[in-house]
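Participant: So here's protein18.csv (CSV, C-alpha atoms).
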```csv
chain,number,residue,atom,x,y,z
B,221,MET,CA,-53.0,145.0,-109.3
B,222,SER,CA,-50.9,147.9,-108.0
B,223,ARG,CA,-51.2,151.5,-109.2
B,224,VAL,CA,-47.8,152.6,-110.5
B,225,ALA,CA,-46.6,156.0,-111.8
B,226,VAL,CA,-43.7,156.2,-114.2
B,227,ILE,CA,-42.2,159.7,-114.3
B,228,SER,CA,-39.7,161.0,-116.9
B,229,PHE,CA,-39.3,164.6,-118.0
B,230,SER,CA,-38.7,163.5,-121.5
B,231,PRO,CA,-40.8,162.6,-124.6
B,232,LEU,CA,-42.0,159.3,-123.3
B,233,ARG,CA,-42.8,157.6,-126.7
B,234,SER,CA,-39.1,158.0,-127.7
B,235,ASP,CA,-37.4,157.5,-124.3
B,236,PRO,CA,-35.6,154.1,-124.7
B,237,ARG,CA,-35.2,153.4,-120.9
B,238,VAL,CA,-38.9,154.2,-120.2
B,239,LEU,CA,-40.0,152.1,-123.1
B,240,LYS,CA,-38.0,149.2,-121.6
B,241,GLN,CA,-39.5,149.7,-118.1
B,242,LEU,CA,-43.2,149.8,-119.1
B,243,PRO,CA,-43.4,146.1,-120.3
B,244,LEU,CA,-42.1,145.0,-116.9
B,245,LEU,CA,-45.1,146.7,-115.3
B,246,ALA,CA,-47.8,145.3,-117.6
B,247,ALA,CA,-49.5,143.4,-114.8
B,248,HIS,CA,-50.2,146.7,-113.0
B,249,GLU,CA,-52.3,149.9,-113.6
B,250,VAL,CA,-49.7,152.3,-115.0
B,251,THR,CA,-49.9,156.1,-115.2
B,252,THR,CA,-47.1,157.8,-117.2
B,253,ILE,CA,-46.0,161.3,-116.4
B,254,GLY,CA,-43.9,163.2,-118.9
B,255,HIS,CA,-43.8,165.0,-122.2
B,256,GLY,CA,-45.6,164.1,-125.4
B,257,GLU,CA,-48.3,161.6,-126.1
B,258,ALA,CA,-48.9,158.6,-123.9
B,259,PRO,CA,-46.9,155.4,-124.6
B,260,ASP,CA,-49.0,152.5,-125.8
B,261,GLY,CA,-50.8,150.3,-123.3
B,262,VAL,CA,-50.8,152.6,-120.2
B,263,ALA,CA,-54.0,153.2,-118.1
B,264,ALA,CA,-53.6,157.0,-117.9
B,265,HIS,CA,-51.2,159.8,-118.8
B,266,VAL,CA,-50.3,163.1,-117.3
B,267,ARG,CA,-48.9,165.1,-120.2
B,268,VAL,CA,-46.4,167.7,-119.0
B,269,PRO,CA,-46.6,170.7,-121.4
B,270,ASP,CA,-43.7,171.0,-123.8
B,271,GLY,CA,-43.0,174.5,-122.5
B,272,ALA,CA,-42.6,173.2,-118.9
B,273,GLN,CA,-39.1,171.9,-119.3
B,274,SER,CA,-37.3,170.4,-116.3
B,275,TRP,CA,-34.1,172.3,-117.0
B,276,ARG,CA,-35.9,175.7,-116.6
B,277,TYR,CA,-35.1,176.3,-112.9
B,278,PRO,CA,-35.5,179.9,-111.5
B,279,ARG,CA,-32.0,181.1,-112.3
B,280,ALA,CA,-31.7,183.7,-109.5
B,281,ALA,CA,-32.8,181.0,-106.9
B,282,VAL,CA,-30.2,178.5,-108.1
B,283,ILE,CA,-27.4,181.2,-108.1
B,284,ALA,CA,-28.5,182.2,-104.5
B,285,ARG,CA,-28.5,178.5,-103.5
B,286,ARG,CA,-32.2,178.7,-102.6
B,287,TYR,CA,-32.4,175.1,-103.8
B,288,ARG,CA,-35.7,174.0,-102.4
B,289,PHE,CA,-37.5,177.1,-103.8
B,290,ALA,CA,-35.7,176.5,-107.1
B,291,TYR,CA,-36.8,172.9,-107.3
B,292,GLU,CA,-40.4,173.4,-106.3
B,293,ASN,CA,-40.8,176.2,-108.8
B,294,ASN,CA,-39.4,174.3,-111.7
B,295,PRO,CA,-42.3,174.4,-114.2
B,296,ALA,CA,-42.3,170.6,-114.9
B,297,VAL,CA,-42.1,169.8,-111.2
B,298,ARG,CA,-44.8,172.3,-110.4
B,299,TYR,CA,-47.1,170.9,-113.1
B,300,VAL,CA,-46.8,167.4,-111.7
B,301,ARG,CA,-47.6,168.6,-108.2
B,302,GLU,CA,-50.6,170.5,-109.4
B,303,HIS,CA,-52.0,167.6,-111.6
B,304,THR,CA,-51.4,164.6,-109.3
B,305,THR,CA,-52.7,163.6,-105.9
B,306,PRO,CA,-50.2,162.5,-103.1
B,307,GLY,CA,-51.0,158.9,-102.1
B,308,ALA,CA,-52.8,158.0,-105.3
B,309,PHE,CA,-50.1,155.5,-106.3
B,310,ASP,CA,-48.7,152.4,-104.6
B,311,ALA,CA,-45.3,152.9,-106.2
B,312,VAL,CA,-43.4,155.2,-108.5
B,313,ILE,CA,-40.6,154.6,-111.1
B,314,ALA,CA,-38.7,157.9,-111.5
B,315,ASN,CA,-36.2,158.5,-114.3
B,316,ASP,CA,-33.2,160.8,-113.7
B,317,VAL,CA,-32.4,162.9,-110.7
B,318,ASP,CA,-34.7,165.8,-111.6
B,319,ALA,CA,-37.7,163.4,-111.2
B,320,ALA,CA,-36.7,162.2,-107.7
B,321,GLY,CA,-38.3,165.2,-105.8
B,322,ALA,CA,-41.5,164.8,-107.8
B,323,ALA,CA,-41.6,161.1,-106.9
B,324,CYS,CA,-41.1,162.0,-103.2
B,325,ALA,CA,-44.1,164.4,-103.5
B,326,LEU,CA,-46.3,161.6,-104.7
B,327,ARG,CA,-45.9,159.8,-101.4
B,328,ALA,CA,-46.4,156.4,-102.8
B,329,SER,CA,-47.3,153.8,-100.1
B,330,ARG,CA,-44.4,151.5,-101.2
B,331,GLY,CA,-41.9,154.2,-102.1
B,332,PHE,CA,-40.2,154.7,-105.4
B,333,HIS,CA,-37.4,153.4,-107.6
B,334,LEU,CA,-35.0,155.9,-109.2
B,335,ASP,CA,-33.2,155.2,-112.4
B,336,LEU,CA,-30.3,157.7,-112.3
B,337,HIS,CA,-29.1,157.2,-115.9
B,338,GLU,CA,-25.7,159.0,-116.0
B,339,TYR,CA,-23.7,160.7,-113.3
B,340,ALA,CA,-25.7,163.9,-113.0
B,341,PRO,CA,-23.3,166.3,-111.2
B,342,GLU,CA,-20.8,166.1,-114.0
B,343,GLN,CA,-23.0,165.8,-117.1
B,344,ASN,CA,-21.7,169.0,-118.6
B,345,ALA,CA,-18.7,169.6,-116.4
B,346,GLU,CA,-16.6,171.0,-119.2
B,347,LEU,CA,-18.7,174.2,-118.8
B,348,TRP,CA,-17.8,176.5,-115.9
B,349,ARG,CA,-21.4,177.7,-115.5
B,350,PHE,CA,-22.5,174.1,-115.0
B,351,ARG,CA,-19.7,173.4,-112.5
B,352,THR,CA,-20.3,176.6,-110.5
B,353,PHE,CA,-24.1,176.7,-110.3
B,354,VAL,CA,-25.8,173.5,-111.6
B,355,ALA,CA,-23.6,170.8,-110.2
B,356,PRO,CA,-24.1,171.9,-106.5
B,357,PHE,CA,-27.8,172.0,-107.1
B,358,LEU,CA,-27.8,168.5,-108.5
B,359,ARG,CA,-25.8,167.3,-105.6
B,360,TRP,CA,-28.4,168.8,-103.3
B,361,GLN,CA,-31.2,167.0,-105.2
B,362,LEU,CA,-29.3,163.7,-104.8
B,363,ARG,CA,-28.8,164.2,-101.0
B,364,THR,CA,-32.3,165.5,-100.4
B,365,TYR,CA,-34.4,163.3,-102.7
B,366,ALA,CA,-32.5,160.4,-104.3
B,367,ARG,CA,-31.4,159.0,-100.9
B,368,ARG,CA,-35.1,158.5,-100.2
B,369,ALA,CA,-35.6,156.0,-103.0
B,370,ARG,CA,-36.1,152.4,-102.0
B,371,SER,CA,-33.9,151.2,-104.9
B,372,THR,CA,-31.8,152.8,-107.6
B,373,SER,CA,-30.2,151.9,-110.9
B,374,THR,CA,-27.8,153.4,-113.4
B,375,VAL,CA,-26.1,152.7,-116.7
B,376,GLY,CA,-22.6,151.5,-115.8
B,377,HIS,CA,-20.4,150.1,-113.0
B,378,ASP,CA,-18.1,153.1,-112.6
B,379,ILE,CA,-21.1,155.4,-112.2
B,380,ALA,CA,-22.8,153.1,-109.8
B,381,GLN,CA,-19.6,153.0,-107.6
B,382,ARG,CA,-19.3,156.7,-107.6
B,383,TYR,CA,-22.9,157.2,-106.6
B,384,GLY,CA,-22.2,154.8,-103.7
B,385,ARG,CA,-19.0,156.6,-102.6
B,386,GLU,CA,-20.4,160.1,-102.8
B,387,PHE,CA,-24.1,159.7,-101.9
B,388,GLY,CA,-24.4,156.4,-100.1
B,389,LEU,CA,-26.6,154.9,-102.9
B,390,ASN,CA,-26.3,151.3,-104.1
B,391,PRO,CA,-27.5,151.3,-107.7
B,392,THR,CA,-27.7,148.2,-109.8
B,393,VAL,CA,-26.5,148.4,-113.4
B,394,VAL,CA,-28.9,148.3,-116.3
B,395,MET,CA,-26.9,149.0,-119.4
B,396,ASN,CA,-28.4,150.9,-122.4
B,397,ALA,CA,-28.7,147.7,-124.4
B,398,SER,CA,-30.8,147.4,-127.6
B,399,ALA,CA,-33.5,144.8,-128.2
B,400,TYR,CA,-32.3,141.4,-129.4
B,401,ARG,CA,-32.4,141.1,-133.2
B,402,ALA,CA,-32.1,137.8,-135.1
B,403,ILE,CA,-29.6,138.9,-137.7
B,404,SER,CA,-26.8,136.9,-139.2
B,405,PRO,CA,-23.4,138.6,-139.9
B,406,HIS,CA,-22.5,138.9,-143.6
B,407,PRO,CA,-19.0,138.3,-145.0
B,408,THR,CA,-16.8,141.4,-145.0
B,409,PRO,CA,-15.9,142.7,-148.5
B,410,PRO,CA,-12.5,143.8,-149.6
B,411,THR,CA,-13.4,147.5,-148.9
B,412,ILE,CA,-14.4,147.6,-145.3
B,413,ARG,CA,-17.5,149.8,-144.5
B,414,LEU,CA,-17.3,151.7,-141.3
B,415,VAL,CA,-20.3,153.5,-139.7
B,416,HIS,CA,-21.0,155.9,-136.9
B,417,ALA,CA,-24.5,157.1,-135.9
B,418,GLY,CA,-25.3,159.6,-133.1
B,419,ALA,CA,-25.9,163.1,-132.0
B,420,ALA,CA,-23.9,166.0,-133.3
B,421,LEU,CA,-22.5,167.3,-130.0
B,422,PRO,CA,-19.2,169.2,-130.0
B,423,ASN,CA,-18.0,167.7,-126.8
B,424,ARG,CA,-17.9,164.3,-128.5
B,425,ARG,CA,-15.3,165.5,-131.1
B,426,ILE,CA,-16.7,163.5,-134.0
B,427,GLU,CA,-14.2,165.2,-136.3
B,428,THR,CA,-11.6,162.7,-134.9
B,429,MET,CA,-13.3,159.8,-136.6
B,430,ILE,CA,-13.7,161.7,-139.9
B,431,ASP,CA,-10.1,162.9,-140.0
B,432,ALA,CA,-8.8,159.4,-139.1
B,433,ALA,CA,-10.8,157.6,-141.7
B,434,GLY,CA,-10.0,160.2,-144.3
B,435,ALA,CA,-6.3,160.0,-143.5
B,436,ALA,CA,-6.3,156.2,-143.6
B,437,GLY,CA,-8.1,156.2,-146.9
B,438,ARG,CA,-5.5,158.6,-148.4
B,439,ALA,CA,-2.8,156.3,-147.1
B,440,GLY,CA,-4.2,153.3,-149.0
B,441,ALA,CA,-6.5,151.6,-146.4
B,442,PRO,CA,-9.4,150.0,-148.2
B,443,ILE,CA,-12.1,151.6,-146.0
B,444,THR,CA,-15.1,153.9,-146.1
B,445,LEU,CA,-16.9,155.8,-143.3
B,446,ASP,CA,-20.5,156.8,-143.3
B,447,VAL,CA,-21.6,159.2,-140.4
B,448,TYR,CA,-25.3,159.6,-139.6
B,449,LEU,CA,-25.9,162.7,-137.5
B,450,ALA,CA,-28.8,164.0,-135.5
B,451,PRO,CA,-28.5,167.8,-135.8
B,452,ASN,CA,-28.4,168.6,-132.0
B,453,HIS,CA,-26.0,171.4,-132.9
B,454,PRO,CA,-26.8,172.3,-136.5
B,455,HIS,CA,-23.7,174.5,-137.0
B,456,TYR,CA,-21.5,171.7,-135.7
B,457,ALA,CA,-23.2,169.2,-138.0
B,458,ASP,CA,-22.6,171.5,-140.9
B,459,GLN,CA,-18.9,171.8,-140.0
B,460,LEU,CA,-18.6,168.0,-139.9
B,461,ALA,CA,-20.3,167.7,-143.3
B,462,GLU,CA,-17.9,170.2,-144.7
B,463,LEU,CA,-14.9,168.4,-143.2
B,464,ALA,CA,-16.1,165.1,-144.6
B,465,SER,CA,-16.4,166.6,-148.1
B,466,GLY,CA,-12.6,166.9,-148.2
B,467,TYR,CA,-12.2,163.1,-148.1
B,468,ALA,CA,-13.3,160.8,-150.9
B,469,ASN,CA,-14.1,157.9,-148.6
B,470,VAL,CA,-16.1,159.8,-145.9
B,471,THR,CA,-19.8,160.8,-146.1
B,472,VAL,CA,-22.1,162.5,-143.6
B,473,HIS,CA,-25.8,161.7,-143.8
B,474,PRO,CA,-28.9,162.8,-141.9
B,475,ALA,CA,-29.9,160.8,-138.8
B,476,ILE,CA,-31.7,157.5,-139.1
B,477,ALA,CA,-35.0,156.9,-137.3
B,478,HIS,CA,-34.3,154.8,-134.2
B,479,ARG,CA,-36.7,152.1,-135.3
B,480,GLU,CA,-34.7,151.7,-138.5
B,481,LEU,CA,-31.2,152.1,-137.0
B,482,VAL,CA,-30.1,148.5,-136.4
B,483,ALA,CA,-31.3,147.3,-139.8
B,484,LYS,CA,-29.4,150.2,-141.5
B,485,LEU,CA,-26.2,149.5,-139.4
B,486,ALA,CA,-26.3,145.9,-140.4
B,487,GLU,CA,-25.5,146.9,-144.0
B,488,TYR,CA,-22.0,147.9,-142.7
B,489,ASP,CA,-19.0,145.9,-141.3
B,490,LEU,CA,-17.6,147.9,-138.4
B,491,GLY,CA,-19.1,150.4,-136.0
B,492,VAL,CA,-16.7,153.1,-134.8
B,493,HIS,CA,-17.1,155.3,-131.7
B,494,ILE,CA,-14.2,157.3,-130.4
B,495,LEU,CA,-15.8,159.3,-127.6
B,496,ALA,CA,-13.6,162.1,-126.4
B,497,PRO,CA,-13.3,162.1,-122.5
B,498,THR,CA,-14.3,165.8,-122.3
B,499,ASN,CA,-16.2,165.1,-119.1
B,500,TYR,CA,-16.7,162.3,-116.6
B,501,ASN,CA,-19.8,160.9,-118.3
B,502,ASN,CA,-18.1,160.8,-121.7
B,503,LEU,CA,-15.1,159.0,-120.0
B,504,VAL,CA,-17.1,156.2,-118.5
B,505,ALA,CA,-19.9,156.1,-121.1
B,506,LEU,CA,-21.5,152.8,-122.0
B,507,PRO,CA,-23.7,154.2,-124.8
B,508,ASN,CA,-26.6,152.5,-126.7
B,509,LYS,CA,-24.7,152.7,-129.9
B,510,LEU,CA,-22.2,150.0,-128.7
B,511,PHE,CA,-25.2,147.7,-128.2
B,512,ASP,CA,-26.7,148.7,-131.5
B,513,PHE,CA,-23.5,147.7,-133.2
B,514,VAL,CA,-23.7,144.3,-131.5
B,515,GLN,CA,-27.3,143.7,-132.5
B,516,ALA,CA,-26.4,144.7,-136.1
B,517,ARG,CA,-23.6,142.0,-135.9
B,518,LEU,CA,-20.8,144.5,-136.6
B,519,GLY,CA,-17.3,144.6,-135.3
B,520,VAL,CA,-16.4,147.6,-133.1
B,521,ILE,CA,-13.6,150.1,-132.9
B,522,ILE,CA,-13.6,152.3,-129.8
B,523,GLY,CA,-11.1,154.5,-127.8
B,524,PRO,CA,-9.8,153.5,-124.4
B,525,SER,CA,-13.1,154.3,-122.6
B,526,PRO,CA,-13.0,151.9,-119.6
B,527,GLU,CA,-16.6,150.7,-119.5
B,528,MET,CA,-16.8,150.1,-123.3
B,529,ALA,CA,-13.3,148.6,-123.4
B,530,ARG,CA,-14.2,146.1,-120.7
B,531,ILE,CA,-17.0,144.6,-122.8
B,532,VAL,CA,-15.2,144.8,-126.2
B,533,GLU,CA,-12.1,143.1,-124.8
B,534,ARG,CA,-14.0,140.5,-122.8
B,535,ASP,CA,-16.1,139.4,-125.7
B,536,GLY,CA,-13.6,140.0,-128.5
B,537,LEU,CA,-15.9,142.4,-130.3
B,538,GLY,CA,-13.2,144.5,-131.9
B,539,VAL,CA,-10.4,146.9,-131.3
B,540,VAL,CA,-9.7,149.3,-128.5
B,541,ALA,CA,-7.4,152.1,-129.8
B,542,ALA,CA,-4.5,153.2,-127.6
B,543,GLY,CA,-5.9,156.8,-127.3
B,544,PHE,CA,-8.5,159.2,-128.4
B,545,ALA,CA,-6.4,161.1,-131.0
B,546,VAL,CA,-6.7,161.0,-134.8
B,547,GLU,CA,-3.4,159.1,-135.1
B,548,ASP,CA,-4.6,156.4,-132.6
B,549,LEU,CA,-7.6,155.6,-134.7
B,550,GLU,CA,-5.8,155.9,-138.0
B,551,ARG,CA,-3.2,153.4,-136.8
B,552,GLU,CA,-5.9,150.8,-136.1
B,553,LEU,CA,-7.8,151.5,-139.3
B,554,MET,CA,-4.6,150.7,-141.3
B,555,ARG,CA,-4.4,147.3,-139.6
B,556,LEU,CA,-7.9,146.1,-140.5
B,557,THR,CA,-8.4,143.1,-142.8
B,558,PRO,CA,-11.7,141.4,-143.8
B,559,ASP,CA,-10.7,138.3,-141.9
B,560,ARG,CA,-10.2,140.2,-138.7
B,561,VAL,CA,-13.5,142.0,-139.1
B,562,ASP,CA,-15.3,138.7,-139.8
B,563,ALA,CA,-13.9,137.4,-136.5
B,564,PHE,CA,-15.3,140.5,-134.7
B,565,LYS,CA,-18.7,140.0,-136.3
B,566,ARG,CA,-18.8,136.4,-135.1
B,567,ALA,CA,-18.1,137.6,-131.6
B,568,SER,CA,-20.9,140.1,-131.8
B,569,ASP,CA,-23.2,137.3,-132.9
B,570,GLY,CA,-22.2,135.2,-130.0
B,571,SER,CA,-22.7,138.0,-127.5
B,572,ALA,CA,-25.9,139.5,-128.9
B,573,ARG,CA,-28.3,137.7,-126.6
B,574,ASP,CA,-26.4,138.4,-123.4
B,575,LEU,CA,-25.9,142.1,-124.4
B,576,SER,CA,-29.6,142.6,-125.3
B,577,ALA,CA,-32.2,144.8,-123.6
B,578,GLU,CA,-34.2,141.7,-122.7
B,579,ALA,CA,-31.2,140.3,-120.6
B,580,GLN,CA,-30.5,143.7,-119.0
B,581,SER,CA,-34.1,144.3,-118.1
B,582,GLU,CA,-34.2,141.3,-115.8
B,583,VAL,CA,-32.3,143.5,-113.2
B,584,TRP,CA,-35.3,146.0,-113.2
B,585,ARG,CA,-37.8,143.1,-113.2
B,586,GLU,CA,-36.3,142.0,-109.8
B,587,GLN,CA,-36.1,145.5,-108.4
B,588,PHE,CA,-39.7,146.4,-109.4
B,589,GLY,CA,-40.9,143.1,-108.1
B,590,ARG,CA,-39.4,143.8,-104.7
B,591,LEU,CA,-40.9,147.4,-104.7
B,592,LEU,CA,-44.4,146.1,-105.6
B,593,ALA,CA,-44.3,142.9,-103.4
```
Step by step, read the file and then write its structure as structure tokens.

Facilitator:
Amino acid sequence: MSRVAVISFSPLRSDPRVLKQLPLLAAHEVTTIGHGEAPDGVAAHVRVPDGAQSWRYPRAAVIARRYRFAYENNPAVRYVREHTTPGAFDAVIANDVDAAGAACALRASRGFHLDLHEYAPEQNAELWRFRTFVAPFLRWQLRTYARRARSTSTVGHDIAQRYGREFGLNPTVVMNASAYRAISPHPTPPTIRLVHAGAALPNRRIETMIDAAGAAGRAGAPITLDVYLAPNHPHYADQLAELASGYANVTVHPAIAHRELVAKLAEYDLGVHILAPTNYNNLVALPNKLFDFVQARLGVIIGPSPEMARIVERDGLGVVAAGFAVEDLERELMRLTPDRVDAFKRASDGSARDLSAEAQSEVWREQFGRLLA
């Protein structure tokens, strides 16, 4: 039995990728390191205080490009260094670039695996402060720490290729898939019920979906749209609710608990996600909501996001709009029929097992096995 540390500067009990990694390590003695209570079934837990957040780098040091000082004096990183012993673990699974340096400091005898999630240097690239100060710091972390990982993974093929081109990494792809659900698609009624569920983030331009569904409804399309929003930006969420109140067929609701999400989505017919390409990660996103729609056995409407479009078109899951504008989505909504949506649902049902977390996690199982061999 090997001693394995799993690090993520996130609330571990609600971190989907960490919760998928832990079952793959069940044969080993696992210590988790991160925020919140310990996940179920681990041997030990180092709880990083909620106030010690990984994004709180010493601002002056980052601006002055004193990157090593800035990283080592990050409160989350410093807490991990002070409450762990180098050499105490055989291997480490680190999540996201900000955990890579902490993984290096643990000096695991067999090294560490780094799950890079999205493309870190452009996560908020629409903001000039991020481009000017944060992105160079993240690139330094990737060159200094991520390159020392024995293996890496990320969420999509385009991101994996870019990490390879720019940093010499060779990540495998583990998509943000949802757990397999044994659900049967239901027949689509004459009024087609659309649904979107996610975070209220202004850079996603959720108003596009609301305006398009509202305009299509006014033009006679037999559709409704329900939007379930997590209030990441409360003011923006309020603006969206006010916008939806102007349309008879659109309603904004509070967020659904993640454990109940797929069951709730299964009450609908078509999942919609037009994600504005306001930054690189939005452009190449392959989000968990796409896989939630599949497990709920819904059809799908998306914009021309290349990673999502590749799967939707390959498996016949739904419609890829020509663009990200209101009129692009409205045009597709006007063309929907119950028969078309039923065909999309059948395609989701046929792809649900291949697009499940269980299938995707096999990639990690092989990587972790090599790390721990």

Participant: Find the distance between atom CA of Val520 of chain B and atom CA of Ala436 of chain B and write it in Å to one decimal.

Facilitator: 16.9 Å

Participant: So the first atom is atom CA of Leu553 of chain B and the second is atom CA of Pro442 of chain B; what is the distance between them in Å, to one decimal place?

Facilitator: 9.2 Å

Participant: Kindly assemble as a tab-separated table a list of the segment 381-481 of chain B residues that lie within 10 Å of segment 228-236 of chain B, each paired with its nearest atom pair and their distance in Å to one decimal, using only C-alpha atoms, sorted first by chain and then by ascending residue number.

Facilitator:
```
residue	atom	partner	partner_atom	distance
B:Asn396	CA	B:Pro236	CA	8.2
B:Ala397	CA	B:Pro236	CA	9.4
B:Ser398	CA	B:Pro236	CA	8.7
B:His478	CA	B:Ser234	CA	8.7
B:Arg479	CA	B:Ser234	CA	9.9
```

Participant: Restricting the calculation to all atoms listed in the file, which member of B:Leu537, B:Val472, B:Ala516, B:Val393 is positioned closest to Gln580 of chain B?

Facilitator: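 Counting all atoms listed in the file, the residue closest to Gln580 of chain B is B:Val393.
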
Participant: Write out as a list of chain:residue names the residues lying within 8 Å of segment 567-576 of chain B, counting only C-alpha atoms and excluding same-chain residues fewer than 2 positions away.

Facilitator: B:Ala397, B:Ser398, B:Ala399, B:Tyr400, B:Arg401, B:Ser404, B:Pro405, B:Phe511, B:Val514, B:Gln515, B:Arg517, B:Leu518, B:Gly519, B:Asp535, B:Gly536, B:Leu537, B:Ala563, B:Phe564, B:Lys565, B:Glu578, B:Ala579, B:Gln580

Participant: Using C-alpha atoms, can you export the residues from the last selection as an mmCIF file, keeping the file's coordinate frame?

Facilitator:
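Generated file (out.cif):
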```
data_model
loop_
_atom_site.group_PDB
_atom_site.id
_atom_site.type_symbol
_atom_site.label_atom_id
_atom_site.label_comp_id
_atom_site.auth_asym_id
_atom_site.auth_seq_id
_atom_site.Cartn_x
_atom_site.Cartn_y
_atom_site.Cartn_z
ATOM 1 C CA ALA B 397 -28.700 147.700 -124.400
ATOM 2 C CA SER B 398 -30.800 147.400 -127.600
ATOM 3 C CA ALA B 399 -33.500 144.800 -128.200
ATOM 4 C CA TYR B 400 -32.300 141.400 -129.400
ATOM 5 C CA ARG B 401 -32.400 141.100 -133.200
ATOM 6 C CA SER B 404 -26.800 136.900 -139.200
ATOM 7 C CA PRO B 405 -23.400 138.600 -139.900
ATOM 8 C CA PHE B 511 -25.200 147.700 -128.200
ATOM 9 C CA VAL B 514 -23.700 144.300 -131.500
ATOM 10 C CA GLN B 515 -27.300 143.700 -132.500
ATOM 11 C CA ARG B 517 -23.600 142.000 -135.900
ATOM 12 C CA LEU B 518 -20.800 144.500 -136.600
ATOM 13 C CA GLY B 519 -17.300 144.600 -135.300
ATOM 14 C CA ASP B 535 -16.100 139.400 -125.700
ATOM 15 C CA GLY B 536 -13.600 140.000 -128.500
ATOM 16 C CA LEU B 537 -15.900 142.400 -130.300
ATOM 17 C CA ALA B 563 -13.900 137.400 -136.500
ATOM 18 C CA PHE B 564 -15.300 140.500 -134.700
ATOM 19 C CA LYS B 565 -18.700 140.000 -136.300
ATOM 20 C CA GLU B 578 -34.200 141.700 -122.700
ATOM 21 C CA ALA B 579 -31.200 140.300 -120.600
ATOM 22 C CA GLN B 580 -30.500 143.700 -119.000
#
```

Participant: Using atom CA of Leu239 of chain B and atom CA of Asn502 of chain B as the two end points, give the distance in Å to one decimal.

Facilitator: 23.6 Å

Participant: May I have the protein, DNA and RNA residues with any atom at most 7 Å from the point (-50.3, 156.0, -101.0), counting all atoms listed in the file, written as a PDB file with C-alpha atoms, keeping the file's coordinate frame?

Facilitator:
```
ATOM      1  CA  PRO B 306     -50.200 162.500-103.100  1.00  0.00           C
ATOM      2  CA  GLY B 307     -51.000 158.900-102.100  1.00  0.00           C
ATOM      3  CA  ALA B 308     -52.800 158.000-105.300  1.00  0.00           C
ATOM      4  CA  PHE B 309     -50.100 155.500-106.300  1.00  0.00           C
ATOM      5  CA  ASP B 310     -48.700 152.400-104.600  1.00  0.00           C
ATOM      6  CA  ARG B 327     -45.900 159.800-101.400  1.00  0.00           C
ATOM      7  CA  ALA B 328     -46.400 156.400-102.800  1.00  0.00           C
ATOM      8  CA  SER B 329     -47.300 153.800-100.100  1.00  0.00           C
TER       9      SER B 329
END
```

Participant: With all atoms listed in the file as the counted atoms, please give the residues lying no more than 8 Å from Gly491 of chain B, apart from itself and same-chain residues fewer than 4 positions off, as a list in words.

Facilitator: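 My reading of the contact set: Leu414, Val415, His416, Leu485, Leu510, Phe513, Leu518, Gly519, Val520 and Ile521 of chain B.
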
Participant: Might you pull out every residue within 7 Å of segment 557-561 of chain B, with only C-alpha atoms counted and same-chain residues fewer than 6 positions away left off, and present them as a VMD selection string?

Facilitator: chain B and resid 408 to 410 412 519
